[in-house]
Structures are given as structure tokens and as C-alpha cells.
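File shown: my_file06.txt. Contents: compact mmCIF, C-alpha atoms and all ligand atoms.
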# COMPACT_ATOMS: atom_id res chain seq x y z
CA MET A 208 73.36 116.53 100.52
CA SER A 209 76.37 118.77 100.34
CA LEU A 210 79.18 119.15 102.80
CA ASP A 211 77.55 122.33 104.13
CA ILE A 212 74.51 120.37 105.26
CA THR A 213 76.62 118.00 107.34
CA ARG A 214 78.04 120.90 109.34
CA ILE A 215 76.45 121.44 112.73
CA ASN A 216 74.79 124.75 113.51
CA PRO A 217 76.70 126.13 116.55
CA ALA A 218 73.36 126.91 118.24
CA PHE A 219 72.56 123.19 118.35
CA ALA A 220 76.05 121.84 118.97
CA ASP A 221 75.37 121.00 122.60
CA VAL A 222 72.25 118.91 121.87
CA MET A 223 73.44 116.95 118.84
CA PRO A 224 73.93 113.19 119.38
CA GLN A 225 77.53 112.13 119.76
CA GLU A 226 77.25 109.79 116.74
CA TYR A 227 76.37 112.76 114.56
CA LYS A 228 79.21 114.85 115.93
CA ASP A 229 81.57 111.94 115.23
CA LEU A 230 80.24 111.66 111.70
CA VAL A 231 80.89 115.33 110.99
CA ALA A 232 84.33 115.25 112.60
CA ASP A 233 85.51 111.89 111.30
CA GLY A 234 83.11 110.62 108.64
CA PRO A 235 83.90 109.87 104.99
CA PHE A 236 82.32 113.05 103.57
CA GLY A 237 84.68 114.97 101.34
CA ARG A 238 87.39 112.34 101.73
CA GLN A 239 88.38 109.49 99.46
CA LEU A 240 88.13 106.42 101.68
CA GLY A 241 87.44 102.79 100.93
CA VAL A 242 87.28 99.26 102.28
CA ARG A 243 90.92 99.31 103.27
CA ASP A 244 90.21 102.29 105.55
CA LEU A 245 87.39 100.60 107.49
CA GLY A 246 87.99 100.92 111.20
CA THR A 247 89.79 104.24 110.86
CA PHE A 248 86.77 106.54 110.37
CA GLN A 249 83.17 106.94 111.46
CA GLU A 250 81.23 104.67 109.11
CA LEU A 251 77.95 105.40 107.37
CA LEU A 252 76.42 102.09 108.47
CA GLU A 253 76.89 101.14 112.09
CA GLU A 254 75.02 99.05 114.66
CA HIS A 255 72.79 97.48 112.01
CA PRO A 256 70.09 95.06 113.21
CA LEU A 257 70.80 92.15 110.83
CA CYS A 258 71.68 88.67 112.10
CA ALA A 259 75.17 87.81 113.30
CA GLY A 260 77.34 86.83 110.35
CA CYS A 261 74.92 88.24 107.78
CA ASN A 262 76.81 88.82 104.57
CA LEU A 263 74.24 91.37 103.39
CA ALA A 264 75.41 93.60 106.22
CA LEU A 265 79.05 92.95 105.39
CA ALA A 266 78.58 93.81 101.72
CA PHE A 267 76.45 96.86 102.55
CA ARG A 268 79.12 98.18 104.91
CA ALA A 269 81.82 97.72 102.25
CA LEU A 270 79.70 99.37 99.57
CA VAL A 271 78.88 102.52 101.47
CA ALA A 272 82.50 102.82 102.57
CA SER A 273 83.50 102.79 98.89
CA LEU A 274 81.13 105.46 97.56
CA PRO A 275 83.20 107.95 95.55
CA ASN A 276 81.13 110.91 96.81
CA PRO A 277 78.88 109.93 99.70
CA GLU A 278 77.79 113.53 100.30
CA ASP A 279 76.25 113.60 96.81
CA SER A 280 74.84 110.07 96.71
CA VAL A 281 71.35 108.72 97.24
CA LEU A 282 70.68 105.04 97.84
CA VAL A 283 67.39 103.45 96.82
CA GLY A 284 66.36 100.29 98.62
CA SER A 285 63.52 97.81 98.48
CA THR A 286 61.85 95.28 100.73
CA GLY A 287 64.17 92.64 102.13
CA CYS A 288 66.50 91.92 105.01
CA ASN A 289 68.93 94.60 103.82
CA SER A 290 66.16 97.22 103.98
CA ILE A 291 66.10 96.78 107.76
CA ALA A 292 69.60 98.27 107.80
CA PHE A 293 68.64 101.35 105.74
CA PRO A 294 67.32 103.33 108.75
CA GLN A 295 70.80 103.00 110.30
CA LEU A 296 72.42 104.52 107.22
CA ALA A 297 73.88 108.02 107.63
CA LEU A 298 73.25 108.85 104.00
CA HIS A 299 70.30 110.06 101.95
CA ASN A 300 68.21 107.02 101.13
CA VAL A 301 64.77 106.12 99.84
CA HIS A 302 62.73 103.00 100.53
CA SER A 303 60.62 101.94 97.55
CA LEU A 304 57.79 99.45 97.32
CA PHE A 305 58.92 95.88 96.71
CA GLY A 306 60.34 95.65 93.19
CA ASN A 307 59.91 99.33 92.25
CA GLN A 308 63.43 100.35 93.16
CA ASN A 309 64.80 100.84 89.64
CA ALA A 310 61.77 102.87 88.56
CA VAL A 311 62.11 105.10 91.64
CA ALA A 312 65.86 105.46 91.10
CA SER A 313 65.34 106.40 87.44
CA GLY A 314 62.95 109.22 88.33
CA LEU A 315 65.17 110.38 91.15
CA LYS A 316 68.27 110.51 88.94
CA ARG A 317 66.43 112.49 86.28
CA ALA A 318 65.01 114.91 88.86
CA LEU A 319 68.40 115.45 90.50
CA THR A 320 69.99 116.09 87.09
CA LEU A 321 67.41 118.81 86.40
CA ARG A 322 67.51 120.26 89.90
CA PHE A 323 71.31 120.35 90.17
CA PRO A 324 72.64 120.96 86.64
CA GLY A 325 76.41 120.66 86.48
CA ARG A 326 76.62 118.78 89.75
CA VAL A 327 77.10 115.02 89.96
CA LYS A 328 74.52 113.15 92.04
CA ASP A 329 75.08 109.39 92.18
CA VAL A 330 71.95 107.25 92.49
CA VAL A 331 72.54 103.68 93.58
CA VAL A 332 69.99 100.89 93.97
CA VAL A 333 70.80 98.32 96.65
CA ALA A 334 68.29 95.48 96.76
CA GLY A 335 68.06 91.75 97.22
CA ASP A 336 67.59 88.97 94.71
CA GLY A 337 63.81 88.83 95.13
CA ALA A 338 63.39 92.57 94.56
CA THR A 339 65.81 92.69 91.63
CA ALA A 340 65.35 89.45 89.72
CA ASP A 341 61.82 88.32 90.61
CA ILE A 342 59.32 90.95 91.73
CA GLY A 343 61.22 93.88 90.23
CA LEU A 344 62.68 92.24 87.13
CA ASP A 345 60.48 94.30 84.81
CA MET A 346 61.58 97.61 86.39
CA THR A 347 65.20 96.48 86.55
CA LEU A 348 65.40 95.48 82.89
CA HIS A 349 63.53 98.50 81.60
CA SER A 350 65.78 100.92 83.47
CA TRP A 351 68.68 99.26 81.65
CA PHE A 352 66.93 99.31 78.27
CA ARG A 353 66.28 103.04 78.73
CA GLY A 354 69.93 103.66 79.54
CA GLU A 355 69.30 105.26 82.93
CA LYS A 356 72.55 106.46 84.50
CA ILE A 357 72.12 104.56 87.75
CA THR A 358 73.97 101.71 89.44
CA THR A 359 72.05 98.60 90.46
CA VAL A 360 73.55 96.37 93.14
CA MET A 361 71.94 93.04 93.84
CA LEU A 362 72.84 91.50 97.20
CA ASP A 363 72.21 87.88 96.26
CA ASN A 364 71.59 85.55 99.19
CA GLU A 365 69.64 83.17 96.95
CA VAL A 366 66.56 83.15 99.20
CA TYR A 367 63.66 85.26 100.48
CA ALA A 368 65.35 85.41 103.86
CA ASN A 369 63.15 87.70 105.92
CA THR A 370 59.91 85.87 105.14
CA GLY A 371 61.15 82.51 106.28
CA GLY A 372 63.09 81.05 103.37
CA GLN A 373 61.19 80.76 100.09
CA GLU A 374 63.24 80.00 96.97
CA SER A 375 63.94 82.96 94.69
CA GLY A 376 64.71 83.04 90.99
CA MET A 377 68.35 83.32 92.02
CA THR A 378 68.34 80.13 94.11
CA ALA A 379 70.45 77.51 92.34
CA GLN A 380 68.65 74.56 90.79
CA GLY A 381 68.14 71.70 93.24
CA GLU A 382 68.81 73.81 96.36
CA VAL A 383 66.47 73.19 99.29
CA ARG A 384 65.12 76.07 101.37
CA ASN A 385 62.87 76.17 104.45
CA MET A 386 59.80 76.75 102.34
CA ALA A 387 61.07 74.96 99.23
CA PRO A 388 61.58 71.50 100.72
CA THR A 389 61.72 69.55 97.45
CA GLY A 390 64.37 71.77 95.90
CA LYS A 391 64.43 74.51 93.29
CA LYS A 392 63.09 73.24 89.98
CA PHE A 393 64.72 75.61 87.48
CA GLU A 394 68.09 77.20 86.88
CA LYS A 395 69.37 80.30 88.63
CA ILE A 396 68.46 83.36 86.57
CA ARG A 397 71.51 84.55 84.61
CA LEU A 398 70.99 88.22 85.40
CA PRO A 399 74.57 89.34 84.64
CA ASP A 400 74.17 88.01 81.09
CA LEU A 401 70.79 89.74 80.80
CA ALA A 402 72.38 92.96 82.05
CA VAL A 403 74.97 92.80 79.27
CA ASP A 404 72.29 92.12 76.65
CA ALA A 405 70.10 94.91 78.06
CA GLY A 406 72.87 97.46 77.51
CA CYS A 407 74.60 97.89 80.87
CA ALA A 408 77.93 99.62 80.33
CA TYR A 409 79.57 97.83 83.23
CA VAL A 410 78.60 94.49 84.79
CA ALA A 411 80.48 92.70 87.55
CA VAL A 412 79.95 89.63 89.71
CA ALA A 413 81.70 89.49 93.07
CA ASN A 414 81.29 87.99 96.53
CA THR A 415 81.92 88.91 100.14
CA GLY A 416 85.01 86.69 100.27
CA ASN A 417 87.09 89.56 98.85
CA LEU A 418 85.97 92.93 100.24
CA ALA A 419 88.79 94.95 98.69
CA ARG A 420 87.74 93.79 95.24
CA LEU A 421 84.08 94.32 96.07
CA GLY A 422 84.80 97.93 97.01
CA LYS A 423 86.80 98.46 93.85
CA VAL A 424 84.19 97.08 91.46
CA PHE A 425 81.41 98.97 93.23
CA ARG A 426 83.32 102.20 92.80
CA ARG A 427 83.89 101.38 89.13
CA ALA A 428 80.17 100.74 88.70
CA VAL A 429 79.30 104.15 90.19
CA LEU A 430 81.88 106.03 88.10
CA VAL A 431 80.74 104.40 84.85
CA ALA A 432 77.05 105.03 85.64
CA ARG A 433 77.80 108.74 86.07
CA GLU A 434 79.16 109.19 82.61
CA VAL A 435 78.24 106.29 80.37
CA GLY A 436 75.05 104.44 81.31
CA PRO A 437 73.49 101.83 83.57
CA THR A 438 75.74 99.52 85.54
CA TYR A 439 75.08 96.29 87.43
CA LEU A 440 76.93 94.63 90.27
CA GLN A 441 75.83 91.25 91.60
CA VAL A 442 77.26 90.20 94.96
CA TYR A 443 76.99 86.78 96.56
CA THR A 444 76.01 87.41 100.19
CA PRO A 445 75.27 84.12 102.01
CA CYS A 446 72.61 84.11 104.72
CA PRO A 447 73.84 81.95 107.62
CA THR A 448 70.41 81.97 109.30
CA ASN A 449 68.54 80.38 106.40
CA LEU A 450 71.47 78.13 105.53
CA LYS A 451 71.50 77.02 109.18
CA MET A 452 75.23 77.42 109.45
CA ASN A 453 77.61 78.86 112.02
CA PRO A 454 77.69 82.64 111.33
CA ALA A 455 81.47 82.56 111.69
CA GLY A 456 81.72 80.35 108.60
CA SER A 457 79.66 82.48 106.23
CA VAL A 458 82.57 84.41 104.72
CA GLY A 459 84.35 81.10 104.19
CA LEU A 460 81.31 79.92 102.24
CA ALA A 461 81.45 83.07 100.10
CA LYS A 462 85.13 82.34 99.35
CA GLU A 463 84.34 78.73 98.53
CA ARG A 464 81.55 79.69 96.12
CA GLY A 465 83.90 82.29 94.64
CA LYS A 466 86.23 79.47 93.64
CA LYS A 467 83.43 77.33 92.24
CA ASP A 468 80.34 78.79 90.65
CA TYR A 469 80.30 82.40 91.92
CA GLY A 470 83.68 83.60 90.69
CA PHE A 471 84.60 87.19 89.95
CA ARG A 472 83.87 88.46 86.47
CA GLU A 473 83.63 91.84 84.86
CA HIS A 474 82.23 93.14 81.57
CA LEU A 475 82.97 96.63 80.24
CA THR A 476 81.85 98.30 77.05
CA PRO A 477 84.57 100.24 75.18
CA GLU A 478 83.00 103.48 76.50
CA ALA A 479 83.19 102.18 80.07
CA GLU A 480 86.83 101.21 79.56
CA GLN A 481 87.61 104.71 78.31
CA CYS A 482 85.77 106.29 81.22
CA LEU A 483 87.65 104.22 83.80
CA ALA A 484 90.99 104.78 82.10
CA ALA A 485 90.39 108.52 82.45
CA ARG A 486 88.85 108.47 85.93
CA GLU A 487 90.83 105.87 87.82
CA GLY A 488 93.98 107.91 87.40
CA THR A 489 92.26 110.67 89.36
CA ALA A 490 90.28 108.42 91.72
CA GLY A 491 92.04 109.91 94.71
CA SER A 492 90.58 113.36 94.18
CA GLY A 493 86.87 113.76 94.68
CA GLU A 494 86.57 117.14 93.02
CA GLU A 495 87.84 115.93 89.66
CA GLU A 496 85.40 113.04 89.84
CA LYS A 497 82.46 115.20 90.83
CA ASN A 498 83.06 117.73 88.10
CA ALA A 499 83.52 115.14 85.39
CA PRO A 500 81.08 115.49 82.49
S1 LIG B 601 67.87 86.18 107.75
FE1 LIG B 601 69.78 85.93 106.59
S2 LIG B 601 69.85 87.64 105.11
FE2 LIG B 601 68.31 88.12 106.70
S3 LIG B 601 69.43 89.35 108.24
FE3 LIG B 601 69.50 87.19 108.89
S4 LIG B 601 71.43 86.38 108.04
FE4 LIG B 601 70.95 88.29 106.95

What does the file become when written as C-alpha cells?
Amino acid sequence: MSLDITRINPAFADVMPQEYKDLVADGPFGRQLGVRDLGTFQELLEEHPLCAGCNLALAFRALVASLPNPEDSVLVGSTGCNSIAFPQLALHNVHSLFGNQNAVASGLKRALTLRFPGRVKDVVVVAGDGATADIGLDMTLHSWFRGEKITTVMLDNEVYANTGGQESGMTAQGEVRNMAPTGKKFEKIRLPDLAVDAGCAYVAVANTGNLARLGKVFRRAVLVAREVGPTYLQVYTPCPTNLKMNPAGSVGLAKERGKKDYGFREHLTPEAEQCLAAREGTAGSGEEEKNAP
């Protein structure tokens, strides 16, 4: 998508939905907005159908508000609770079969690079723990081994939430779920460590307890993927429905885990450090970012 496509043809102006008019008049396209600006502009994800207090929705909202160039970005999703929000997303997006998201994103990135030479097109995978670390682990790892210039974001709620609560590879050892009543028998998969070993240029772990930081590291992941290589962001996004907790307490849980076993960490290769040193100084101007090599 380019900014021209978002403009409304005058012949159809009177029949366009108000939400679309608002998006064109006051959306994030062509502007440099972020988490701190939420509430001041027409967002790309609104009126999503996820449960009250769902931290997937919270993280998703923060991520799309932090895209450096939303008009030139494509999101690739997979099966999971978060995929139910994709149809509400005012952004180009693709739904892939369960687990195939990194393979689809790789092909898409390569095709966009050929189709639009000289123009930056960010391709970002947003998927859950089951799609990324269980069913799609093969595709995830191999996209990293191949050095695909895409960002992978795992929204980790440590459960297969929309099929009733099976344990996932990301569920912590000993944790009980609806359909795992005797507790998880093996350790949580250490995907951030695997991402480093598999060659990701930038890897970060964050949680929904600090949205400003989440927005910042997401933006860093996208900028590094553009120029250097694959990047991975893992976000703890508790599911109050499966955890049977008051939705109002779910962000508190994310903060609590952030202080214990789900703390913030970041890994950058020297090339990623160089890239960010050069780009973050100009992060306020989209054109410089878009025209970067
Ligand atoms: S079941 Fe859990 S992860 Fe799924 S939408 Fe509801 S709160 Fe979110």
C-alpha cells in the first residue's frame, strides 16, 4: 500500500464508511506515531473481538501503533486467538495455514523486493506460541537460518487458548491447563536462545506490562530486519480466560512475570547495533527510514 491508495476517490466520498474516512484523515499513515500517541489518532486495530482483558489484543494494538511505515507494511498471521483480530486490522495482512507463517512471509518479502525495487516493504509475522514454537517451529527456524529479512513476533500466552487450553511448548514446566490437568512435563522452549543461535540479528523478550518499551523494541526489530537480517521479538501476553483470572488483573500479572522469569532482554549483533545507531537518530522521519539501503 502507498499513501496514494489510502486517499478516497472523490466520486465515492459520500458512500465511504466513516471509519475509513477517519483513518484517511487521522490515521498513522505517513506519520511517525507510537504507543505514547495511542488515543490521539485513528488506530489500525479497533473494536477487536478478543476477550476482555486479553493481552494478545493489547500487544497487537501496541505493535501496529509502532510500525515505522504502516503504509508499506504487510503482516502475516497464523491460526490462533490473535488471528481473530486480523480482519479488524486496517493494514495489508495475510492469513497463513497454521504454522506456515514464516514460509509465507519469506516468499512475500522476496516477491515485494523484486516487485518494488528501491522501496522498503516491511514484512512482519505476528503469531502465537503454538504457531511459532510448536506447529511452525520448522518454518520459523529455517527462515532464520536462511537469513530472511523479516520480523517474527511471538505473542506468548503459554497455551492453545482458542481450542480450550492445551499446553504448548511454551507453557512453563509444571503449569496446569484446562486440557493438561496433570501439568506440563517438560521445560518451556528457549526460543530466544534458539533465535540467537539460528542467526537472528536482533532478539528481544518483553511483556505487556511495559507498552512503551514493547513499542520501542518492536520498532527496533522492524528496522534491523529491513537492513540486516531476521529479527525475533517474544512478548508475554497472559490470557485471563484460560488462567481463570479477573481480566482487570492481567496486565498486573504481566508486570509480575516481568520481574520474575519473563524479564526484558535484548540481543543485538554488531551489525544490528550499527544499523540502530544510524537509524534511531532519524527515527522521527519516515522518508529517511524508507529510503535506507
Ligand atoms: S481465550 Fe485468552 S488469548 Fe484467546 S482471546 Fe480470550 S483472553 Fe485472549

| message | Report, in Å to a single decimal, how far apart atom CA of Leu475 of chain A and atom CA of Val301 of chain A are. | response | 28.4 Å

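Among A:Asn262, A:Val242, A:Lys466, A:Arg214, the residue with the shortest atom-to-atom distance to Pro454 of chain A, counting all atoms listed in the file, is A:Asn262.
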
| task | Can you work out the spacing between atom CA of Leu319 of chain A and atom CA of Leu398 of chain A in Å, to one decimal? | result |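 The value is 27.8 Å.
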
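Within 8 Å of Gly416 of chain A, once all atoms listed in the file are used and residues closer than 5 positions along the same chain are dropped, the contacting residues are Val458, Gly459, Leu460, Ala461, Lys462 and Gly465 of chain A.
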
Output for the residues just chosen: C-alpha atoms as an mmCIF file, keeping the file's coordinate frame:
data_model
loop_
_atom_site.group_PDB
_atom_site.id
_atom_site.type_symbol
_atom_site.label_atom_id
_atom_site.label_comp_id
_atom_site.auth_asym_id
_atom_site.auth_seq_id
_atom_site.Cartn_x
_atom_site.Cartn_y
_atom_site.Cartn_z
ATOM 1 C CA VAL A 458 82.570 84.410 104.720
ATOM 2 C CA GLY A 459 84.350 81.100 104.190
ATOM 3 C CA LEU A 460 81.310 79.920 102.240
ATOM 4 C CA ALA A 461 81.450 83.070 100.100
ATOM 5 C CA LYS A 462 85.130 82.340 99.350
ATOM 6 C CA GLY A 465 83.900 82.290 94.640
#

| message | Between atom CA of Phe305 of chain A and atom CA of Thr415 of chain A, what is the distance in Å, rounded to a tenth? | response |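 Atom CA of Thr415 of chain A lies at a distance of 24.3 Å from atom CA of Phe305 of chain A.
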
| said: I'd like the neighbourhood of Glu478 of chain A as a list in words, where a residue qualifies if any of its atoms comes within 10 Å (using only C-alpha atoms), though same-chain residues fewer than 5 positions away should be ignored. | reply: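 Using only C-alpha atoms, the neighbours found are Ala408, Tyr409, Val431, Glu434, Val435, Gly436, Leu483 and Ala484 of chain A.
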
Using all atoms listed in the file, what does the table of chain A residues within 7 Å of ligand LIG 601 (chain B) look like, with each row giving the shortest atom pair and its distance in Å to one decimal, sorted by chain and ascending number, as a tab-separated table?
residue	atom	partner	partner_atom	distance
A:Leu257	CA	B:LIG601	S3	4.1
A:Cys258	CA	B:LIG601	FE3	4.2
A:Ala259	CA	B:LIG601	S4	6.6
A:Gly260	CA	B:LIG601	S4	6.4
A:Cys261	CA	B:LIG601	S4	4.0
A:Asn262	CA	B:LIG601	FE4	6.3
A:Leu263	CA	B:LIG601	FE4	5.7
A:Ala264	CA	B:LIG601	FE4	7.0
A:Cys288	CA	B:LIG601	FE2	4.5
A:Asn289	CA	B:LIG601	S3	6.9
A:Asn364	CA	B:LIG601	S2	6.5
A:Ala368	CA	B:LIG601	S1	4.7
A:Asn369	CA	B:LIG601	FE2	5.2
A:Cys446	CA	B:LIG601	FE1	3.8
A:Pro447	CA	B:LIG601	S4	5.1
A:Thr448	CA	B:LIG601	S4	4.7
A:Asn449	CA	B:LIG601	FE1	5.7

| message | Need to verify the contact set: segment 385-394 of chain A, 10 Å, all atoms listed in the file, exclusion of same-chain residues closer than 2 positions in sequence. Can you return it as a list in words? | response | Val366, Tyr367, Ala368, Thr370, Gly371, Gly372, Gln373, Glu374, Ser375, Gly376, Met377, Thr378, Ala379, Gln380, Gly381, Glu382, Val383, Ile396, Arg397, Asn449, Leu450 and Lys451 of chain A

Write a file of the selected residues as a JSON list (two decimals), keeping the file's coordinate frame, keeping C-alpha atoms.
[["chain", "number", "residue", "atom", "x", "y", "z"],
["A", 366, "VAL", "CA", 66.56, 83.15, 99.20],
["A", 367, "TYR", "CA", 63.66, 85.26, 100.48],
["A", 368, "ALA", "CA", 65.35, 85.41, 103.86],
["A", 370, "THR", "CA", 59.91, 85.87, 105.14],
["A", 371, "GLY", "CA", 61.15, 82.51, 106.28],
["A", 372, "GLY", "CA", 63.09, 81.05, 103.37],
["A", 373, "GLN", "CA", 61.19, 80.76, 100.09],
["A", 374, "GLU", "CA", 63.24, 80.00, 96.97],
["A", 375, "SER", "CA", 63.94, 82.96, 94.69],
["A", 376, "GLY", "CA", 64.71, 83.04, 90.99],
["A", 377, "MET", "CA", 68.35, 83.32, 92.02],
["A", 378, "THR", "CA", 68.34, 80.13, 94.11],
["A", 379, "ALA", "CA", 70.45, 77.51, 92.34],
["A", 380, "GLN", "CA", 68.65, 74.56, 90.79],
["A", 381, "GLY", "CA", 68.14, 71.70, 93.24],
["A", 382, "GLU", "CA", 68.81, 73.81, 96.36],
["A", 383, "VAL", "CA", 66.47, 73.19, 99.29],
["A", 396, "ILE", "CA", 68.46, 83.36, 86.57],
["A", 397, "ARG", "CA", 71.51, 84.55, 84.61],
["A", 449, "ASN", "CA", 68.54, 80.38, 106.40],
["A", 450, "LEU", "CA", 71.47, 78.13, 105.53],
["A", 451, "LYS", "CA", 71.50, 77.02, 109.18]]

Residue neighbourhood segment 230-241 of chain A, 8 Å, only C-alpha atoms, exclusion window fewer than 3 positions, as a compact mmCIF listing (two decimals) with C-alpha atoms, in the coordinates of the input:
# COMPACT_ATOMS: atom_id res chain seq x y z
CA LEU A 210 79.18 119.15 102.80
CA THR A 213 76.62 118.00 107.34
CA ARG A 214 78.04 120.90 109.34
CA ILE A 215 76.45 121.44 112.73
CA GLU A 226 77.25 109.79 116.74
CA TYR A 227 76.37 112.76 114.56
CA ASP A 244 90.21 102.29 105.55
CA LEU A 245 87.39 100.60 107.49
CA PHE A 248 86.77 106.54 110.37
CA GLN A 249 83.17 106.94 111.46
CA GLU A 250 81.23 104.67 109.11
CA LEU A 251 77.95 105.40 107.37
CA ALA A 269 81.82 97.72 102.25
CA ALA A 272 82.50 102.82 102.57
CA SER A 273 83.50 102.79 98.89
CA LEU A 274 81.13 105.46 97.56
CA PRO A 275 83.20 107.95 95.55
CA ASN A 276 81.13 110.91 96.81
CA PRO A 277 78.88 109.93 99.70
CA GLU A 278 77.79 113.53 100.30
CA GLY A 422 84.80 97.93 97.01
CA GLY A 491 92.04 109.91 94.71
CA SER A 492 90.58 113.36 94.18
CA GLY A 493 86.87 113.76 94.68

Working from the structure I just supplied, which lacks atoms in segment 285-294 of chain A, can you model all heavy atoms there and output them as a PDB file, in the coordinates of the input?
ATOM      1  N   SER A 285      64.796  98.472  98.680  1.00  0.00           N
ATOM      2  CA  SER A 285      63.520  97.810  98.480  1.00  0.00           C
ATOM      3  C   SER A 285      63.285  96.860  99.638  1.00  0.00           C
ATOM      4  O   SER A 285      64.133  96.720 100.516  1.00  0.00           O
ATOM      5  CB  SER A 285      63.539  97.059  97.141  1.00  0.00           C
ATOM      6  OG  SER A 285      62.237  96.665  96.791  1.00  0.00           O
ATOM      7  N   THR A 286      62.160  96.185  99.634  1.00  0.00           N
ATOM      8  CA  THR A 286      61.850  95.280 100.730  1.00  0.00           C
ATOM      9  C   THR A 286      62.860  94.121 100.776  1.00  0.00           C
ATOM     10  O   THR A 286      63.282  93.629  99.751  1.00  0.00           O
ATOM     11  CB  THR A 286      60.426  94.717 100.507  1.00  0.00           C
ATOM     12  OG1 THR A 286      59.557  95.820 100.303  1.00  0.00           O
ATOM     13  CG2 THR A 286      59.978  93.884 101.678  1.00  0.00           C
ATOM     14  N   GLY A 287      63.214  93.742 101.979  1.00  0.00           N
ATOM     15  CA  GLY A 287      64.170  92.640 102.130  1.00  0.00           C
ATOM     16  C   GLY A 287      64.951  92.813 103.405  1.00  0.00           C
ATOM     17  O   GLY A 287      64.852  93.846 104.068  1.00  0.00           O
ATOM     18  N   CYS A 288      65.732  91.792 103.768  1.00  0.00           N
ATOM     19  CA  CYS A 288      66.500  91.920 105.010  1.00  0.00           C
ATOM     20  C   CYS A 288      67.375  93.161 104.993  1.00  0.00           C
ATOM     21  O   CYS A 288      67.496  93.858 105.995  1.00  0.00           O
ATOM     22  CB  CYS A 288      67.389  90.688 105.208  1.00  0.00           C
ATOM     23  SG  CYS A 288      66.508  89.253 105.833  1.00  0.00           S
ATOM     24  N   ASN A 289      68.007  93.457 103.842  1.00  0.00           N
ATOM     25  CA  ASN A 289      68.930  94.600 103.820  1.00  0.00           C
ATOM     26  C   ASN A 289      68.200  95.914 104.082  1.00  0.00           C
ATOM     27  O   ASN A 289      68.785  96.863 104.577  1.00  0.00           O
ATOM     28  CB  ASN A 289      69.742  94.629 102.528  1.00  0.00           C
ATOM     29  CG  ASN A 289      68.943  95.113 101.351  1.00  0.00           C
ATOM     30  OD1 ASN A 289      68.794  96.303 101.125  1.00  0.00           O
ATOM     31  ND2 ASN A 289      68.404  94.168 100.564  1.00  0.00           N
ATOM     32  N   SER A 290      66.887  95.959 103.774  1.00  0.00           N
ATOM     33  CA  SER A 290      66.160  97.220 103.980  1.00  0.00           C
ATOM     34  C   SER A 290      66.031  97.548 105.467  1.00  0.00           C
ATOM     35  O   SER A 290      65.821  98.701 105.833  1.00  0.00           O
ATOM     36  CB  SER A 290      64.775  97.159 103.336  1.00  0.00           C
ATOM     37  OG  SER A 290      63.962  96.181 103.953  1.00  0.00           O
ATOM     38  N   ILE A 291      66.180  96.532 106.316  1.00  0.00           N
ATOM     39  CA  ILE A 291      66.100  96.780 107.760  1.00  0.00           C
ATOM     40  C   ILE A 291      67.326  97.582 108.221  1.00  0.00           C
ATOM     41  O   ILE A 291      67.287  98.266 109.241  1.00  0.00           O
ATOM     42  CB  ILE A 291      65.999  95.439 108.521  1.00  0.00           C
ATOM     43  CG1 ILE A 291      64.773  94.665 108.034  1.00  0.00           C
ATOM     44  CG2 ILE A 291      65.904  95.650 110.023  1.00  0.00           C
ATOM     45  CD1 ILE A 291      64.751  93.219 108.482  1.00  0.00           C
ATOM     46  N   ALA A 292      68.395  97.512 107.440  1.00  0.00           N
ATOM     47  CA  ALA A 292      69.600  98.270 107.800  1.00  0.00           C
ATOM     48  C   ALA A 292      69.546  99.718 107.298  1.00  0.00           C
ATOM     49  O   ALA A 292      70.288 100.568 107.791  1.00  0.00           O
ATOM     50  CB  ALA A 292      70.847  97.576 107.240  1.00  0.00           C
ATOM     51  N   PHE A 293      68.670 100.002 106.321  1.00  0.00           N
ATOM     52  CA  PHE A 293      68.640 101.350 105.740  1.00  0.00           C
ATOM     53  C   PHE A 293      68.411 102.457 106.776  1.00  0.00           C
ATOM     54  O   PHE A 293      69.025 103.523 106.684  1.00  0.00           O
ATOM     55  CB  PHE A 293      67.595 101.429 104.614  1.00  0.00           C
ATOM     56  CG  PHE A 293      68.151 101.152 103.247  1.00  0.00           C
ATOM     57  CD1 PHE A 293      68.457  99.855 102.853  1.00  0.00           C
ATOM     58  CD2 PHE A 293      68.382 102.176 102.344  1.00  0.00           C
ATOM     59  CE1 PHE A 293      68.973  99.588 101.591  1.00  0.00           C
ATOM     60  CE2 PHE A 293      68.898 101.928 101.078  1.00  0.00           C
ATOM     61  CZ  PHE A 293      69.194 100.629 100.702  1.00  0.00           C
ATOM     62  N   PRO A 294      67.512 102.239 107.769  1.00  0.00           N
ATOM     63  CA  PRO A 294      67.320 103.330 108.750  1.00  0.00           C
ATOM     64  C   PRO A 294      68.582 103.649 109.561  1.00  0.00           C
ATOM     65  O   PRO A 294      68.659 104.706 110.180  1.00  0.00           O
ATOM     66  CB  PRO A 294      66.215 102.788 109.673  1.00  0.00           C
ATOM     67  CG  PRO A 294      65.497 101.773 108.847  1.00  0.00           C
ATOM     68  CD  PRO A 294      66.555 101.163 107.979  1.00  0.00           C
TER      69      PRO A 294
END
